[in-house]
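A.B. asks: Data: input.cif, mmCIF, C-alpha atoms and all ligand atoms.
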```cif
data_model
loop_
_atom_site.group_PDB
_atom_site.id
_atom_site.type_symbol
_atom_site.label_atom_id
_atom_site.label_comp_id
_atom_site.auth_asym_id
_atom_site.auth_seq_id
_atom_site.Cartn_x
_atom_site.Cartn_y
_atom_site.Cartn_z
ATOM 1 C CA MET A 791 -12.979 15.404 -1.340
ATOM 2 C CA ALA A 792 -9.499 14.058 -1.983
ATOM 3 C CA ASP A 793 -7.613 12.998 -5.095
ATOM 4 C CA ILE A 794 -6.261 9.573 -4.169
ATOM 5 C CA VAL A 795 -3.899 7.250 -5.992
ATOM 6 C CA ILE A 796 -3.900 3.637 -4.833
ATOM 7 C CA LEU A 797 -0.469 2.192 -5.394
ATOM 8 C CA VAL A 798 -0.462 -1.583 -5.783
ATOM 9 C CA GLY A 799 2.489 -3.863 -5.075
ATOM 10 C CA THR A 800 1.519 -7.416 -5.914
ATOM 11 C CA GLU A 801 2.848 -10.717 -7.219
ATOM 12 C CA SER A 802 -0.288 -12.841 -7.306
ATOM 13 C CA GLY A 803 -3.206 -10.396 -7.323
ATOM 14 C CA ASN A 804 -4.450 -10.141 -3.726
ATOM 15 C CA ALA A 805 -3.311 -6.550 -3.275
ATOM 16 C CA GLN A 806 -4.813 -5.646 -6.647
ATOM 17 C CA MET A 807 -8.147 -7.123 -5.572
ATOM 18 C CA VAL A 808 -8.068 -5.120 -2.340
ATOM 19 C CA ALA A 809 -7.227 -1.948 -4.287
ATOM 20 C CA ASP A 810 -10.102 -2.451 -6.724
ATOM 21 C CA VAL A 811 -12.597 -2.896 -3.881
ATOM 22 C CA LEU A 812 -11.306 0.207 -2.084
ATOM 23 C CA LYS A 813 -11.469 2.254 -5.276
ATOM 24 C CA ASP A 814 -15.214 1.615 -5.497
ATOM 25 C CA GLU A 815 -15.674 2.313 -1.796
ATOM 26 C CA LEU A 816 -13.745 5.594 -1.798
ATOM 27 C CA GLU A 817 -15.357 6.768 -5.023
ATOM 28 C CA GLY A 818 -18.696 6.051 -3.399
ATOM 29 C CA HIS A 819 -17.760 8.665 -0.813
ATOM 30 C CA GLY A 820 -17.031 11.221 -3.525
ATOM 31 C CA HIS A 821 -13.237 10.936 -3.754
ATOM 32 C CA ALA A 822 -11.410 10.853 -7.093
ATOM 33 C CA VAL A 823 -9.501 7.552 -7.136
ATOM 34 C CA SER A 824 -7.056 5.970 -9.550
ATOM 35 C CA VAL A 825 -5.336 2.612 -9.144
ATOM 36 C CA THR A 826 -1.908 1.829 -10.526
ATOM 37 C CA ASP A 827 0.666 -0.925 -10.283
ATOM 38 C CA ARG A 828 3.296 1.227 -11.978
ATOM 39 C CA ALA A 829 6.229 2.531 -10.002
ATOM 40 C CA LEU A 830 5.296 6.208 -10.060
ATOM 41 C CA SER A 831 7.741 9.076 -10.038
ATOM 42 C CA GLU A 832 7.554 12.001 -7.620
ATOM 43 C CA ALA A 833 6.107 14.060 -10.494
ATOM 44 C CA ASP A 834 3.185 11.608 -10.588
ATOM 45 C CA PHE A 835 2.705 12.029 -6.850
ATOM 46 C CA ALA A 836 2.622 15.790 -7.216
ATOM 47 C CA SER A 837 -0.708 15.470 -9.019
ATOM 48 C CA HIS A 838 -2.322 13.576 -6.113
ATOM 49 C CA GLU A 839 -3.036 14.691 -2.554
ATOM 50 C CA VAL A 840 -3.104 11.229 -1.042
ATOM 51 C CA ALA A 841 -1.466 7.869 -1.801
ATOM 52 C CA LEU A 842 -2.904 4.654 -0.446
ATOM 53 C CA ILE A 843 -0.234 1.961 -0.591
ATOM 54 C CA CYS A 844 -1.529 -1.539 -0.930
ATOM 55 C CA CYS A 845 1.408 -3.916 -0.934
ATOM 56 C CA SER A 846 2.124 -7.578 -0.330
ATOM 57 C CA THR A 847 5.388 -9.305 0.611
ATOM 58 C CA HIS A 848 7.155 -12.036 -1.313
ATOM 59 C CA GLY A 849 10.333 -14.087 -1.227
ATOM 60 C CA ASN A 850 11.941 -13.553 2.139
ATOM 61 C CA GLY A 851 10.451 -10.202 3.140
ATOM 62 C CA ASP A 852 10.792 -8.789 -0.370
ATOM 63 C CA ILE A 853 8.833 -6.050 -2.083
ATOM 64 C CA PRO A 854 6.874 -7.168 -5.180
ATOM 65 C CA SER A 855 8.937 -6.579 -8.318
ATOM 66 C CA ASN A 856 6.433 -4.185 -9.913
ATOM 67 C CA ILE A 857 6.908 -1.641 -7.152
ATOM 68 C CA LEU A 858 10.549 -2.268 -6.247
ATOM 69 C CA PRO A 859 11.947 0.433 -8.596
ATOM 70 C CA LEU A 860 9.834 3.041 -6.806
ATOM 71 C CA VAL A 861 11.149 2.085 -3.379
ATOM 72 C CA GLU A 862 14.732 2.071 -4.626
ATOM 73 C CA HIS A 863 14.159 5.491 -6.168
ATOM 74 C CA LEU A 864 12.695 6.910 -2.948
ATOM 75 C CA GLU A 865 15.486 5.457 -0.826
ATOM 76 C CA ARG A 866 18.219 6.695 -3.147
ATOM 77 C CA GLY A 867 16.873 10.098 -4.222
ATOM 78 C CA LYS A 868 14.852 11.080 -1.120
ATOM 79 C CA PRO A 869 12.495 13.303 -3.159
ATOM 80 C CA ASP A 870 10.454 15.825 -1.178
ATOM 81 C CA LEU A 871 7.012 14.277 -0.673
ATOM 82 C CA SER A 872 6.001 16.567 2.187
ATOM 83 C CA ALA A 873 2.868 17.653 0.335
ATOM 84 C CA LEU A 874 1.654 14.041 0.184
ATOM 85 C CA ARG A 875 -0.453 12.249 2.770
ATOM 86 C CA TYR A 876 -0.498 8.464 2.685
ATOM 87 C CA GLY A 877 -1.908 5.317 4.187
ATOM 88 C CA VAL A 878 -0.594 1.753 4.118
ATOM 89 C CA ILE A 879 -2.254 -1.606 3.749
ATOM 90 C CA ALA A 880 0.337 -4.368 4.049
ATOM 91 C CA LEU A 881 -0.543 -7.913 3.019
ATOM 92 C CA GLY A 882 1.481 -10.768 4.418
ATOM 93 C CA ASP A 883 1.357 -14.107 6.155
ATOM 94 C CA GLN A 884 2.281 -14.707 9.802
ATOM 95 C CA THR A 885 3.759 -18.043 8.772
ATOM 96 C CA TYR A 886 6.687 -15.862 7.672
ATOM 97 C CA SER A 887 7.112 -14.640 11.226
ATOM 98 C CA GLU A 888 10.549 -13.077 10.685
ATOM 99 C CA THR A 889 9.446 -11.010 7.691
ATOM 100 C CA PHE A 890 5.733 -10.454 8.313
ATOM 101 C CA CYS A 891 4.419 -7.663 6.056
ATOM 102 C CA PHE A 892 7.945 -6.415 5.317
ATOM 103 C CA GLY A 893 6.870 -5.180 1.849
ATOM 104 C CA GLY A 894 4.316 -2.731 3.247
ATOM 105 C CA LYS A 895 6.593 -1.847 6.149
ATOM 106 C CA LYS A 896 9.456 -0.971 3.799
ATOM 107 C CA LEU A 897 7.187 1.215 1.670
ATOM 108 C CA ASP A 898 5.863 2.900 4.788
ATOM 109 C CA ALA A 899 9.415 3.714 5.909
ATOM 110 C CA ALA A 900 10.407 4.939 2.434
ATOM 111 C CA PHE A 901 7.489 7.378 2.197
ATOM 112 C CA ALA A 902 8.035 8.623 5.740
ATOM 113 C CA ALA A 903 11.733 9.216 5.001
ATOM 114 C CA CYS A 904 10.698 11.450 2.089
ATOM 115 C CA GLY A 905 8.546 13.588 4.371
ATOM 116 C CA ALA A 906 5.115 12.259 3.408
ATOM 117 C CA ARG A 907 2.597 12.406 6.271
ATOM 118 C CA LYS A 908 0.917 9.160 7.295
ATOM 119 C CA LEU A 909 -2.796 9.073 7.956
ATOM 120 C CA GLY A 910 -3.861 6.524 10.558
ATOM 121 C CA GLU A 911 -2.137 3.298 11.494
ATOM 122 C CA ARG A 912 -0.860 0.801 8.961
ATOM 123 C CA LEU A 913 -3.208 -2.122 8.368
ATOM 124 C CA GLU A 914 -1.466 -5.512 8.328
ATOM 125 C CA ILE A 915 -3.507 -8.319 6.839
ATOM 126 C CA ASP A 916 -2.487 -11.877 7.691
ATOM 127 C CA ALA A 917 -3.354 -14.326 4.906
ATOM 128 C CA CYS A 918 -2.999 -17.159 7.411
ATOM 129 C CA THR A 919 -5.987 -16.038 9.487
ATOM 130 C CA GLN A 920 -7.826 -13.792 7.043
ATOM 131 C CA PRO A 921 -9.052 -15.490 3.862
ATOM 132 C CA LEU A 922 -10.929 -12.332 2.796
ATOM 133 C CA PRO A 923 -8.374 -9.477 2.732
ATOM 134 C CA ASP A 924 -10.761 -7.140 0.929
ATOM 135 C CA GLU A 925 -13.296 -7.320 3.771
ATOM 136 C CA GLU A 926 -10.732 -6.416 6.415
ATOM 137 C CA ALA A 927 -9.384 -3.623 4.196
ATOM 138 C CA LEU A 928 -12.874 -2.283 3.556
ATOM 139 C CA GLN A 929 -13.573 -2.036 7.271
ATOM 140 C CA TRP A 930 -10.218 -0.299 7.894
ATOM 141 C CA SER A 931 -10.773 2.108 4.996
ATOM 142 C CA ARG A 932 -13.993 3.464 6.479
ATOM 143 C CA GLU A 933 -12.115 4.824 9.478
ATOM 144 C CA TRP A 934 -9.109 5.833 7.384
ATOM 145 C CA ALA A 935 -11.297 7.805 4.961
ATOM 146 C CA GLY A 936 -12.574 9.805 7.923
ATOM 147 C CA LEU A 937 -9.026 11.181 8.347
ATOM 148 C CA LEU A 938 -8.838 12.592 4.813
HETATM 149 C C1 LIG B 1001 6.621 -17.413 -2.185
HETATM 150 C C2 LIG B 1001 5.932 -16.534 -1.160
HETATM 151 C C3 LIG B 1001 6.701 -15.829 -0.257
HETATM 152 C C4 LIG B 1001 6.079 -15.040 0.726
HETATM 153 N N1 LIG B 1001 6.866 -14.352 1.629
HETATM 154 C C5 LIG B 1001 6.268 -13.620 2.602
HETATM 155 C C6 LIG B 1001 7.044 -12.940 3.591
HETATM 156 O O1 LIG B 1001 8.284 -12.985 3.607
HETATM 157 N N2 LIG B 1001 6.381 -12.223 4.545
HETATM 158 C C7 LIG B 1001 5.013 -12.128 4.583
HETATM 159 O O2 LIG B 1001 4.478 -11.468 5.480
HETATM 160 N N3 LIG B 1001 4.248 -12.757 3.648
HETATM 161 C C8 LIG B 1001 4.833 -13.494 2.660
HETATM 162 N N4 LIG B 1001 4.058 -14.133 1.719
HETATM 163 C C9 LIG B 1001 2.593 -14.033 1.786
HETATM 164 C C10 LIG B 1001 2.014 -13.003 0.804
HETATM 165 O O3 LIG B 1001 2.464 -11.691 1.086
HETATM 166 C C11 LIG B 1001 0.477 -13.037 0.926
HETATM 167 O O4 LIG B 1001 0.024 -14.302 0.510
HETATM 168 C C12 LIG B 1001 -0.207 -11.958 0.142
HETATM 169 O O5 LIG B 1001 -1.589 -12.016 0.375
HETATM 170 C C13 LIG B 1001 0.052 -12.071 -1.351
HETATM 171 O O6 LIG B 1001 -0.484 -10.940 -1.985
HETATM 172 P P1 LIG B 1001 -0.352 -10.683 -3.567
HETATM 173 O O7 LIG B 1001 -1.194 -11.736 -4.245
HETATM 174 O O8 LIG B 1001 -0.921 -9.322 -3.772
HETATM 175 O O9 LIG B 1001 1.080 -10.751 -3.936
HETATM 176 C C14 LIG B 1001 4.659 -14.923 0.747
HETATM 177 C C15 LIG B 1001 3.909 -15.636 -0.203
HETATM 178 C C16 LIG B 1001 4.517 -16.434 -1.136
HETATM 179 C C17 LIG B 1001 3.672 -17.196 -2.125
#
```
Could you write out this structure as structure tokens?
Ligand SMILES: Cc1cc2nc3c(=O)[nH]c(=O)nc-3n(C[C@H](O)[C@H](O)[C@H](O)COP(=O)(O)O)c2cc1C
C.D. replies:
Amino acid sequence: MADIVILVGTESGNAQMVADVLKDELEGHGHAVSVTDRALSEADFASHEVALICCSTHGNGDIPSNILPLVEHLERGKPDLSALRYGVIALGDQTYSETFCFGGKKLDAAFAACGARKLGERLEIDACTQPLPDEEALQWSREWAGLL
């Protein structure tokens, strides 16, 4: 069973709601799960085997402000995260066609650049066509959890 931290990037709560639902689901399968909206340091990551990023997009393709310092830190410092496995759930809206899910995509790229190993494909949830992001995430997580 894995020790998972769910990292939330949110402005208006949708990503937090998804994270809370997935915490219950993953704990139900015996994993140890914590949820945080803090921008963790690499020392924090060292105490977890797996990070599940759950991040929306705001402004014009921008990362939510609560998680922005983490991304800047990863991009600048390139800490070694090769011991970490991660998954990405990106929340966005296809109405913003030029910047769809850029928040989650930027986090994905930042973790990959630090050597973390991605599990499965990134889930991109479109608020325009999916009024229930937690249901889509729950379905995705069942397959994703099989990769842990
Ligand atoms: C002001 C504003 C700007 C947004 N900009 C984008 C964007 O550039 N790209 C995108 O894919 N979604 C964009 N969205 C959609 C949000 O990412 C989407 O509604 C998401 O579910 C919000 O999640 P949150 O409540 O966790 O922040 C924007 C939403 C708002 C309200």
A.B. asks: Taking all atoms listed in the file into account, name the residue in A:Cys918, A:Ala880, A:Gly910, A:Ala809 that is nearest to Cys845 in chain A.
C.D. replies: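 Ranked by minimum distance to Cys845 in chain A, first place goes to A:Ala880.
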A.B. asks: Check which residues of chain A sit at most 12 Å from ligand LIG 1001 (chain B) using all atoms listed in the file, and return one row each with the closest pair of atoms and their distance in Å to one decimal, ordered by chain and rising number, as a Markdown table.
C.D. replies:
```
| residue | atom | partner | partner_atom | distance |
| --- | --- | --- | --- | --- |
| A:Leu797 | CA | B:LIG1001 | O8 | 11.6 |
| A:Val798 | CA | B:LIG1001 | O8 | 8.0 |
| A:Gly799 | CA | B:LIG1001 | O8 | 6.6 |
| A:Thr800 | CA | B:LIG1001 | O8 | 3.8 |
| A:Glu801 | CA | B:LIG1001 | O9 | 3.7 |
| A:Ser802 | CA | B:LIG1001 | O7 | 3.4 |
| A:Gly803 | CA | B:LIG1001 | O7 | 3.9 |
| A:Asn804 | CA | B:LIG1001 | O8 | 3.6 |
| A:Ala805 | CA | B:LIG1001 | O8 | 3.7 |
| A:Gln806 | CA | B:LIG1001 | O8 | 6.1 |
| A:Met807 | CA | B:LIG1001 | O8 | 7.8 |
| A:Val808 | CA | B:LIG1001 | O8 | 8.4 |
| A:Ala809 | CA | B:LIG1001 | O8 | 9.7 |
| A:Asp810 | CA | B:LIG1001 | O8 | 11.8 |
| A:Asp827 | CA | B:LIG1001 | O8 | 10.7 |
| A:Ile843 | CA | B:LIG1001 | O8 | 11.7 |
| A:Cys844 | CA | B:LIG1001 | O8 | 8.3 |
| A:Cys845 | CA | B:LIG1001 | O8 | 6.5 |
| A:Ser846 | CA | B:LIG1001 | O3 | 4.4 |
| A:Thr847 | CA | B:LIG1001 | O3 | 3.8 |
| A:His848 | CA | B:LIG1001 | N1 | 3.8 |
| A:Gly849 | CA | B:LIG1001 | C3 | 4.1 |
| A:Asn850 | CA | B:LIG1001 | O1 | 4.0 |
| A:Gly851 | CA | B:LIG1001 | O1 | 3.6 |
| A:Asp852 | CA | B:LIG1001 | O1 | 6.3 |
| A:Ile853 | CA | B:LIG1001 | O1 | 9.0 |
| A:Pro854 | CA | B:LIG1001 | O9 | 6.9 |
| A:Ser855 | CA | B:LIG1001 | O9 | 9.9 |
| A:Asn856 | CA | B:LIG1001 | O9 | 10.4 |
| A:Ile857 | CA | B:LIG1001 | O9 | 11.3 |
| A:Ile879 | CA | B:LIG1001 | O8 | 10.9 |
| A:Ala880 | CA | B:LIG1001 | O3 | 8.2 |
| A:Leu881 | CA | B:LIG1001 | C12 | 5.0 |
| A:Gly882 | CA | B:LIG1001 | O2 | 3.3 |
| A:Asp883 | CA | B:LIG1001 | N3 | 4.1 |
| A:Gln884 | CA | B:LIG1001 | O2 | 5.8 |
| A:Thr885 | CA | B:LIG1001 | C7 | 7.4 |
| A:Tyr886 | CA | B:LIG1001 | N2 | 4.8 |
| A:Ser887 | CA | B:LIG1001 | O2 | 7.1 |
| A:Glu888 | CA | B:LIG1001 | O1 | 7.4 |
| A:Thr889 | CA | B:LIG1001 | N2 | 4.6 |
| A:Phe890 | CA | B:LIG1001 | O2 | 3.3 |
| A:Cys891 | CA | B:LIG1001 | O2 | 3.8 |
| A:Phe892 | CA | B:LIG1001 | N2 | 6.1 |
| A:Gly893 | CA | B:LIG1001 | N2 | 7.6 |
| A:Gly894 | CA | B:LIG1001 | O2 | 9.0 |
| A:Lys895 | CA | B:LIG1001 | O2 | 9.9 |
| A:Lys896 | CA | B:LIG1001 | N2 | 11.7 |
| A:Glu914 | CA | B:LIG1001 | O2 | 8.9 |
| A:Ile915 | CA | B:LIG1001 | O5 | 7.7 |
| A:Asp916 | CA | B:LIG1001 | O2 | 7.3 |
| A:Ala917 | CA | B:LIG1001 | O5 | 5.4 |
| A:Cys918 | CA | B:LIG1001 | O4 | 8.1 |
| A:Thr919 | CA | B:LIG1001 | O5 | 10.9 |
| A:Gln920 | CA | B:LIG1001 | O5 | 9.3 |
| A:Pro921 | CA | B:LIG1001 | O5 | 8.9 |
| A:Leu922 | CA | B:LIG1001 | O5 | 9.7 |
| A:Pro923 | CA | B:LIG1001 | O5 | 7.6 |
| A:Asp924 | CA | B:LIG1001 | O5 | 10.4 |
```
A.B. asks: Could you dump the residues just selected with C-alpha atoms as a JSON list (two decimals), in the coordinates of the input?
C.D. replies:
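The result, written out as result_25.json:
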```
[["chain", "number", "residue", "atom", "x", "y", "z"],
["A", 797, "LEU", "CA", -0.47, 2.19, -5.39],
["A", 798, "VAL", "CA", -0.46, -1.58, -5.78],
["A", 799, "GLY", "CA", 2.49, -3.86, -5.08],
["A", 800, "THR", "CA", 1.52, -7.42, -5.91],
["A", 801, "GLU", "CA", 2.85, -10.72, -7.22],
["A", 802, "SER", "CA", -0.29, -12.84, -7.31],
["A", 803, "GLY", "CA", -3.21, -10.40, -7.32],
["A", 804, "ASN", "CA", -4.45, -10.14, -3.73],
["A", 805, "ALA", "CA", -3.31, -6.55, -3.28],
["A", 806, "GLN", "CA", -4.81, -5.65, -6.65],
["A", 807, "MET", "CA", -8.15, -7.12, -5.57],
["A", 808, "VAL", "CA", -8.07, -5.12, -2.34],
["A", 809, "ALA", "CA", -7.23, -1.95, -4.29],
["A", 810, "ASP", "CA", -10.10, -2.45, -6.72],
["A", 827, "ASP", "CA", 0.67, -0.92, -10.28],
["A", 843, "ILE", "CA", -0.23, 1.96, -0.59],
["A", 844, "CYS", "CA", -1.53, -1.54, -0.93],
["A", 845, "CYS", "CA", 1.41, -3.92, -0.93],
["A", 846, "SER", "CA", 2.12, -7.58, -0.33],
["A", 847, "THR", "CA", 5.39, -9.30, 0.61],
["A", 848, "HIS", "CA", 7.16, -12.04, -1.31],
["A", 849, "GLY", "CA", 10.33, -14.09, -1.23],
["A", 850, "ASN", "CA", 11.94, -13.55, 2.14],
["A", 851, "GLY", "CA", 10.45, -10.20, 3.14],
["A", 852, "ASP", "CA", 10.79, -8.79, -0.37],
["A", 853, "ILE", "CA", 8.83, -6.05, -2.08],
["A", 854, "PRO", "CA", 6.87, -7.17, -5.18],
["A", 855, "SER", "CA", 8.94, -6.58, -8.32],
["A", 856, "ASN", "CA", 6.43, -4.18, -9.91],
["A", 857, "ILE", "CA", 6.91, -1.64, -7.15],
["A", 879, "ILE", "CA", -2.25, -1.61, 3.75],
["A", 880, "ALA", "CA", 0.34, -4.37, 4.05],
["A", 881, "LEU", "CA", -0.54, -7.91, 3.02],
["A", 882, "GLY", "CA", 1.48, -10.77, 4.42],
["A", 883, "ASP", "CA", 1.36, -14.11, 6.16],
["A", 884, "GLN", "CA", 2.28, -14.71, 9.80],
["A", 885, "THR", "CA", 3.76, -18.04, 8.77],
["A", 886, "TYR", "CA", 6.69, -15.86, 7.67],
["A", 887, "SER", "CA", 7.11, -14.64, 11.23],
["A", 888, "GLU", "CA", 10.55, -13.08, 10.68],
["A", 889, "THR", "CA", 9.45, -11.01, 7.69],
["A", 890, "PHE", "CA", 5.73, -10.45, 8.31],
["A", 891, "CYS", "CA", 4.42, -7.66, 6.06],
["A", 892, "PHE", "CA", 7.94, -6.42, 5.32],
["A", 893, "GLY", "CA", 6.87, -5.18, 1.85],
["A", 894, "GLY", "CA", 4.32, -2.73, 3.25],
["A", 895, "LYS", "CA", 6.59, -1.85, 6.15],
["A", 896, "LYS", "CA", 9.46, -0.97, 3.80],
["A", 914, "GLU", "CA", -1.47, -5.51, 8.33],
["A", 915, "ILE", "CA", -3.51, -8.32, 6.84],
["A", 916, "ASP", "CA", -2.49, -11.88, 7.69],
["A", 917, "ALA", "CA", -3.35, -14.33, 4.91],
["A", 918, "CYS", "CA", -3.00, -17.16, 7.41],
["A", 919, "THR", "CA", -5.99, -16.04, 9.49],
["A", 920, "GLN", "CA", -7.83, -13.79, 7.04],
["A", 921, "PRO", "CA", -9.05, -15.49, 3.86],
["A", 922, "LEU", "CA", -10.93, -12.33, 2.80],
["A", 923, "PRO", "CA", -8.37, -9.48, 2.73],
["A", 924, "ASP", "CA", -10.76, -7.14, 0.93]]
```
A.B. asks: Which polymer residues have any atom within 7 Å of an atom of range 833-842 of chain A, counting only C-alpha atoms, with same-chain residues fewer than 6 positions away left out, as a JSON list (two decimals) with C-alpha atoms, in the coordinates of the input?
C.D. replies:
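Result went into around03.json, see below:
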```json
[["chain", "number", "residue", "atom", "x", "y", "z"],
["A", 792, "ALA", "CA", -9.50, 14.06, -1.98],
["A", 793, "ASP", "CA", -7.61, 13.00, -5.10],
["A", 794, "ILE", "CA", -6.26, 9.57, -4.17],
["A", 795, "VAL", "CA", -3.90, 7.25, -5.99],
["A", 796, "ILE", "CA", -3.90, 3.64, -4.83],
["A", 797, "LEU", "CA", -0.47, 2.19, -5.39],
["A", 874, "LEU", "CA", 1.65, 14.04, 0.18],
["A", 875, "ARG", "CA", -0.45, 12.25, 2.77],
["A", 876, "TYR", "CA", -0.50, 8.46, 2.68],
["A", 877, "GLY", "CA", -1.91, 5.32, 4.19],
["A", 878, "VAL", "CA", -0.59, 1.75, 4.12]]
```
A.B. asks: Quick one, how far is CA of Gln929 in chain A from CA of Val811 in chain A?
C.D. replies: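 Spanning CA of Gln929 in chain A to CA of Val811 in chain A is a straight-line distance of 11.2 Å.
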A.B. asks: State, in Å with one decimal place, the distance from CA of Ser831 in chain A to CA of Arg907 in chain A.
C.D. replies: 17.4 Å
A.B. asks: For the provided coordinates, the residues matched by the PyMOL selection byres (((chain A and resi 791) around 9) and not hetatm) should be stated as a list in words.
C.D. replies: Ala792, Asp793, His819, Gly820, His821, Ala822 and Leu938 of chain A
A.B. asks: CA of Arg912 in chain A to CA of Lys813 in chain A: how many Å, to one decimal?
C.D. replies: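 It comes out at 17.8 Å.
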A.B. asks: Quick check on the file I pasted: which residues fall under the PyMOL selection byres (((chain A and resi 867) around 12) and not hetatm)? Write them as a list of chain:residue names.
C.D. replies: A:Ser831, A:Glu832, A:Pro859, A:Leu860, A:Val861, A:Glu862, A:His863, A:Leu864, A:Glu865, A:Arg866, A:Lys868, A:Pro869, A:Asp870, A:Leu871, A:Ala900, A:Phe901, A:Ala903, A:Cys904
A.B. asks: What would the list of residues within 12 Å of (-16.6, 5.4, 6.5) (file frame) look like as an MDAnalysis selection string, if only C-alpha atoms are what count?
C.D. replies: chainID A and resid 812 815:820 927:938
A.B. asks: Output as AutoDock Vina command-line options the centre and edge lengths (Å, one decimal) of the box along x, y and z of the file that holds every listed atom of range 805-810 of chain A after adding 8 Å on each side.
C.D. replies:
```
--center_x -6.7 --center_y -4.5 --center_z -4.5 --size_x 22.8 --size_y 21.2 --size_z 20.4
```
A.B. asks: Could you check which of A:Leu858, A:Leu909, A:Leu897, A:Ala902 is closest to Arg828 in chain A, using all atoms listed in the file?
C.D. replies: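 Among A:Leu858, A:Leu909, A:Leu897, A:Ala902, it is A:Leu858 that comes nearest to Arg828 in chain A.
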A.B. asks: Kindly output range 794-807 of chain A as a PDB file, in the coordinates of the input, after building N, CA and C atoms.
C.D. replies:
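The resulting file, rebuild-v3.pdb, is reproduced below:
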```
ATOM      1  N   ILE A 794      -7.020  10.682  -4.768  1.00  0.00           N
ATOM      2  CA  ILE A 794      -6.261   9.573  -4.169  1.00  0.00           C
ATOM      3  C   ILE A 794      -5.700   8.665  -5.258  1.00  0.00           C
ATOM      4  N   VAL A 795      -4.433   8.300  -5.125  1.00  0.00           N
ATOM      5  CA  VAL A 795      -3.899   7.250  -5.992  1.00  0.00           C
ATOM      6  C   VAL A 795      -3.634   6.021  -5.112  1.00  0.00           C
ATOM      7  N   ILE A 796      -4.174   4.897  -5.543  1.00  0.00           N
ATOM      8  CA  ILE A 796      -3.900   3.637  -4.833  1.00  0.00           C
ATOM      9  C   ILE A 796      -2.764   2.941  -5.575  1.00  0.00           C
ATOM     10  N   LEU A 797      -1.700   2.730  -4.826  1.00  0.00           N
ATOM     11  CA  LEU A 797      -0.469   2.192  -5.394  1.00  0.00           C
ATOM     12  C   LEU A 797      -0.384   0.708  -5.031  1.00  0.00           C
ATOM     13  N   VAL A 798      -0.387  -0.145  -6.040  1.00  0.00           N
ATOM     14  CA  VAL A 798      -0.462  -1.583  -5.783  1.00  0.00           C
ATOM     15  C   VAL A 798       0.903  -2.242  -5.959  1.00  0.00           C
ATOM     16  N   GLY A 799       1.317  -3.002  -4.951  1.00  0.00           N
ATOM     17  CA  GLY A 799       2.489  -3.863  -5.075  1.00  0.00           C
ATOM     18  C   GLY A 799       2.007  -5.294  -4.920  1.00  0.00           C
ATOM     19  N   THR A 800       2.098  -6.075  -5.966  1.00  0.00           N
ATOM     20  CA  THR A 800       1.519  -7.416  -5.914  1.00  0.00           C
ATOM     21  C   THR A 800       2.291  -8.396  -6.780  1.00  0.00           C
ATOM     22  N   GLU A 801       2.283  -9.660  -6.375  1.00  0.00           N
ATOM     23  CA  GLU A 801       2.848 -10.717  -7.219  1.00  0.00           C
ATOM     24  C   GLU A 801       1.735 -11.626  -7.726  1.00  0.00           C
ATOM     25  N   SER A 802       0.719 -11.855  -6.900  1.00  0.00           N
ATOM     26  CA  SER A 802      -0.288 -12.841  -7.306  1.00  0.00           C
ATOM     27  C   SER A 802      -1.718 -12.305  -7.236  1.00  0.00           C
ATOM     28  N   GLY A 803      -1.880 -10.986  -7.116  1.00  0.00           N
ATOM     29  CA  GLY A 803      -3.206 -10.396  -7.323  1.00  0.00           C
ATOM     30  C   GLY A 803      -4.020 -10.019  -6.104  1.00  0.00           C
ATOM     31  N   ASN A 804      -3.624 -10.473  -4.901  1.00  0.00           N
ATOM     32  CA  ASN A 804      -4.450 -10.141  -3.726  1.00  0.00           C
ATOM     33  C   ASN A 804      -4.496  -8.636  -3.466  1.00  0.00           C
ATOM     34  N   ALA A 805      -3.344  -7.999  -3.543  1.00  0.00           N
ATOM     35  CA  ALA A 805      -3.311  -6.550  -3.275  1.00  0.00           C
ATOM     36  C   ALA A 805      -4.088  -5.784  -4.348  1.00  0.00           C
ATOM     37  N   GLN A 806      -4.045  -6.293  -5.562  1.00  0.00           N
ATOM     38  CA  GLN A 806      -4.813  -5.646  -6.647  1.00  0.00           C
ATOM     39  C   GLN A 806      -6.309  -5.760  -6.357  1.00  0.00           C
ATOM     40  N   MET A 807      -6.722  -6.927  -5.884  1.00  0.00           N
ATOM     41  CA  MET A 807      -8.147  -7.123  -5.572  1.00  0.00           C
ATOM     42  C   MET A 807      -8.580  -6.160  -4.454  1.00  0.00           C
TER      43      MET A 807
END
```
